[in-house]
Amino acid sequence: MMAAASTCIQDGSLLVNGKTLLTGVPFNVKVSPVESSAAFFFGATSSIPSSRHVFSLGVLQEFQFLCLFRYKIWWMIPRVGKLACEIPMETQMLLLEVKEKSALCDGDSLPLSTEKTFYVLLLPVLEGSFRATLQGERSNELQICVESGDANVQTTNVSEVVFMNSGDNPFKLIKDSIKILENHMGTFKHIDNKKVPGHLDWFGWCTWDAFYTDVNPQGIKEGLERFMEGGCPPRFLIIDDGWQETYNDFQKEGEPFVEGSQFASRLTDIKENGKFRGLKQDIPCCDLQEFTNFIKESYGLKFVYVWHALLGYWGGLHPSSETMRKYNPKIEYPIQSPGNTGNLRDIAMDSLEKFGVGVINPQRIFDFYNDLHSYLASCGVDGVKVDVQTLLETLGFGHGGRVALTGRYQEALEESIARNFGADNLICCMNHNSDSFYSSKRSAVARASEDFMPRDPTCQTLHIASVAFNSLLMGEIVVPDWDMFQSKHITAKFHGAARALSGSTVYVSDEPGHHDFELLKKLVLPDGSILRARCSGRPTRDCLFIDPVMDGKNFLKIWNLNKLSGVIGAFNCQGAGNWPLKEGSENILASTSKPLTITGHISPLDIDYIGDIAGDDWTGDCAIYAFNSGSLSRLPKEGKIQVSLSTLECEVFTISPVKVYNSHHFAPIGLIDMYNSGGAIEGLLCSQLPSGCKIQIKTRGCGRFGAYSSSKPSYCTVKGEETKFNYNTEDGLLIIHLEGDCDAREIDVVY
């Protein structure tokens with residue numbers, strides 16, 4: 001049975017490129033090729049109709065694997081291992097590293113053993129009303145779980161529930177596979193075919209960790225003033241949970257508090273609550289519209305977003321509210337999948353299961369979103385952060401199942417946002433299920449991991465590792481949002497450096513007056529813009545199959561690209577936290593363990609596609625600038641620099657290809673006081689002069705601009721005017737001071 005030229009099932013074994021991946025493949029498992037590609041789908045049949053099937057694909061052979069799985073209903077985390085029994089329930093991506101040994105002979109010499117590596121990707125997807133995940137079994141069988149979420153929606157046959165593809169570059173493999181699925185399924189769009197919202201290029205402030213649900217106009221005003229005074233003006237604001245009018249039937253005055261009942265609050269109005277109405281001290285505003293206009297005019301905000309849940313609020317809409325009745329909400333009780341309850345239960349989800357949710361009639365969901373968003377737009381609000389999205393998968397009963405319900409809500413949400421905000425100004429949150437991923441046609445930004453939790457020291461390293469690994473999959477569908485952090489937090493430098501590499505927005509949740517402006521100015525230019533990298537930050541290839549949190553041996557390397565350079569961050573995530581559901585983690589006292597010093601290396605070859613940005617005339621050498629140490633070195637692309645980091649320490653390296661211009665070796669670094677230095681560079685040209693040459697660099701921002709030069713320039717100009725520069729003959733570091741505003745400008749280096 002042939003599925004593609006390089007893949008077949010032979011004598012009950014699945015072979016890919018001649019390598020056996022699965023043995024004991026059952027007769028009820030079928031494979032079918034994907035048109036115009038070398039990929040294929042798994043399907044399976046059963047004699048008994050059901051709304052939930054678990055099919056065996058056979059025994060998975062021993063390979064290094066990386067999987068992304070939902071450890072709780074809202075969020076994914078990574079897991080690495082070698083055996084199928086280590087693959088958790090709710091796995092939504094599985095990447096295998098397959099090594100092939102071959103022998104080469106040269107004349108009469110002895111055979112030389114070489115090793116070739118290729119990668120196999122498995123993506124469980126959606127088919128009709130059903131959604132699939134992968135999971136391992138104790139005997140190392142790899143299983144598909146297929147479910148509709150509605151006991152009345154049953155099947156005996158699925159034919160395209162797991163997509164499989166292979167290739168020699170893991171990043172290209174994932175990208176190409178998502179594009180194949182985009183064309184084949186037609187239910188979602190690749191990020192390349194979406195329009196990203198404008199807020200991504202600006203520094204932001206979110207009110208959540210600053211105020212939680214106690215957010216109020218006075219606190220927002222004070223916070224914006226403190227940022228302005230410190231020289232780091234936010235241009236993007238999220239007014240998070242706490243601005244809406246809600247009521248909780250399960251919290252009565254004078255009665256004892258019931259844990260979990262806080263999640264049962266329900267929305268009673270689309271308009272703002274009393275905190276944002278009426279005149280306030282020092283704020284000449286009577287409602288949300290006046291307040292939004294006031295803060296935009298007073299503090300130069302370009303984007304104001306507000307928070308709401310996918311169903312209005314955590315507990316949905318209140319059926320007794322006069323305003324909400326037009327949307328016909330009914331109390332329904334969520335039913336969690338065995339995949340959710342089989343991993344880590346969540347108090348919010350368990351509480352909603354107990355107290356119920358006011359579910360909007362699917363026929364009226366667009367009306368609700370349109371009324372809410374049109375009101376917000378009339379108040380000057382520019383977009384929304386929509387939370388608690390995967391709750392929908394538990395409410396599929398009676399609505400045609402989880403996939404159908406998610407698709408209907410997602411379509412209505414995206415249509416309303418495009419109509420009312422004039423752009424796709426949406427941040428999706430708590431949406432880490434494939435139902436949402438593969439129903440996303442316009443949504444272009446989604447949170448990449450669980451919240452930054454300032455009060456939990458054991459979550460900081462997990463956060464950085466999670467966002468980087470999750471971006472492997474999510475970064476092909478959305479721009480992964482690596483979440484806010486606090487600039488005064490003990491781990492702020494760790495988080496700040498990671499956000500600079502994320503390829504997404506940089507925003508904080510500082511309490512008013514609690515800021516580290518020295519740190520923020522490494523991320524934010526004086527005009528409030530940021531130096532955003534071009535792609536989604538992802539682990540380097542040599543980190544894909546290691547555990548950077550718990551193996552005690554490796555630090556995490558994250559790479560990204562700018563227009564003319566690459567950037568790598570090295571992060572020691574060891575010794576400060578443990579993965580949930582990881583066998584043996586209960587025996588590791590990470591929060592009290594001593595810091596671990598990890599030694600490793602970085603190399604220009606850690607940056608995939610470095611050759612693409614270098615061009616054909618590249619020498620093969622790179623200039624490498626280490627941000628924290630301020631050191632500059634030159635290496636061949638195969639070269640390595642040794643790095644030693646203690647727990648929660650990091651270093652950021654700008655890696656710029658060296659080119660030769662009239663015998664002068666040159667590589668631009670960028671703004672060397674910014675974490676992502678190379679993000680400031682827009683272009684470079686070289687022109688011949690009668691007595692030498694001129695290298696013209698297009699850049700933006702202000703501060704110290706650095707470059708590697710093998711020889712001292714004759715002179716330098718900025719905007720056509722000659723300027724002073726510093727040149728270090730020992731390492732070739734050329735520094736030019738850029739004064740004034742952050743506008744685009746040209747630097748000429750003349751030899």
# chains A, B, ... in the order shown; residues from 1 in each chain; ligands from 1
>>> select_by_dssp(residues="segment 478-703 of chain A", states="helix (DSSP H, G or I)", output="ChimeraX atom specification")
/A:492-501,517-520,541-543,585-587,590-592,604-606,610-614,677-680
>>> write_last_selection(atoms="C-alpha atoms", output="PDB file, in the first residue's frame")
ATOM      1  CA  ALA A 492      12.865  40.740  34.566  1.00  0.00           C
ATOM      2  CA  LYS A 493      16.145  40.601  32.622  1.00  0.00           C
ATOM      3  CA  PHE A 494      15.483  36.955  31.769  1.00  0.00           C
ATOM      4  CA  HIS A 495      11.979  37.733  30.517  1.00  0.00           C
ATOM      5  CA  GLY A 496      12.970  40.984  28.832  1.00  0.00           C
ATOM      6  CA  ALA A 497      15.709  39.367  26.756  1.00  0.00           C
ATOM      7  CA  ALA A 498      13.297  36.624  25.687  1.00  0.00           C
ATOM      8  CA  ARG A 499      10.627  39.122  24.627  1.00  0.00           C
ATOM      9  CA  ALA A 500      13.203  40.904  22.450  1.00  0.00           C
ATOM     10  CA  LEU A 501      13.693  37.639  20.519  1.00  0.00           C
ATOM     11  CA  PHE A 517      13.545  51.965  33.090  1.00  0.00           C
ATOM     12  CA  GLU A 518      17.149  50.965  32.511  1.00  0.00           C
ATOM     13  CA  LEU A 519      15.906  47.525  31.483  1.00  0.00           C
ATOM     14  CA  LEU A 520      12.950  48.842  29.490  1.00  0.00           C
ATOM     15  CA  ARG A 541      17.824  22.853  15.979  1.00  0.00           C
ATOM     16  CA  ASP A 542      20.174  21.311  18.571  1.00  0.00           C
ATOM     17  CA  CYS A 543      17.707  22.196  21.353  1.00  0.00           C
ATOM     18  CA  SER A 585       9.529  15.940  39.028  1.00  0.00           C
ATOM     19  CA  GLU A 586       7.970  15.596  42.468  1.00  0.00           C
ATOM     20  CA  ASN A 587      11.370  14.418  43.703  1.00  0.00           C
ATOM     21  CA  ALA A 590      13.648  23.022  42.089  1.00  0.00           C
ATOM     22  CA  SER A 591      12.530  26.098  43.988  1.00  0.00           C
ATOM     23  CA  THR A 592      15.056  25.496  46.752  1.00  0.00           C
ATOM     24  CA  PRO A 604      26.292  31.120  13.487  1.00  0.00           C
ATOM     25  CA  LEU A 605      24.889  27.838  12.188  1.00  0.00           C
ATOM     26  CA  ASP A 606      22.416  27.856  15.087  1.00  0.00           C
ATOM     27  CA  ILE A 610      21.456  32.732   7.993  1.00  0.00           C
ATOM     28  CA  GLY A 611      22.695  32.112   4.452  1.00  0.00           C
ATOM     29  CA  ASP A 612      19.477  33.509   2.984  1.00  0.00           C
ATOM     30  CA  ILE A 613      19.943  36.902   4.608  1.00  0.00           C
ATOM     31  CA  ALA A 614      23.710  36.902   3.961  1.00  0.00           C
ATOM     32  CA  SER A 677      20.439  45.299  18.112  1.00  0.00           C
ATOM     33  CA  GLY A 678      20.039  44.197  14.506  1.00  0.00           C
ATOM     34  CA  GLY A 679      16.337  45.019  14.458  1.00  0.00           C
ATOM     35  CA  ALA A 680      17.299  48.660  13.893  1.00  0.00           C
TER      36      ALA A 680
END
>>> residues_around(residues="His665 of chain A", least_positions_apart="5", cutoff="7 Å", atoms="only C-alpha atoms", output="ChimeraX atom specification")
/A:658-660,709-710
>>> closest_residue(among="A:Glu147, A:Asp435, A:Glu746, A:Asp192", to="Ala404 of chain A", atoms="only C-alpha atoms")
A:Asp435
>>> closest_residue(among="A:Pro217, A:Gly316, A:Gly566, A:Pro49", to="Thr155 of chain A", atoms="only C-alpha atoms")
A:Pro49
>>> atom_distance(atom1="atom CA of Val25 of chain A", atom2="atom CA of Asp11 of chain A")
8.8 Å
>>> residues_around(residues="segment 220-231 of chain A", least_positions_apart="6", cutoff="8 Å", atoms="only C-alpha atoms", output="JSON, numbers by chain")
{"A": [207, 295, 299, 511, 512, 513, 517, 526]}
>>> closest_residue(among="A:Ser374, A:Gln389, A:Gln574, A:Ser321", to="Thr268 of chain A", atoms="only C-alpha atoms")
A:Ser321
>>> atom_distance(atom1="atom CA of Val215 of chain A", atom2="atom CA of Phe276 of chain A")
9.6 Å
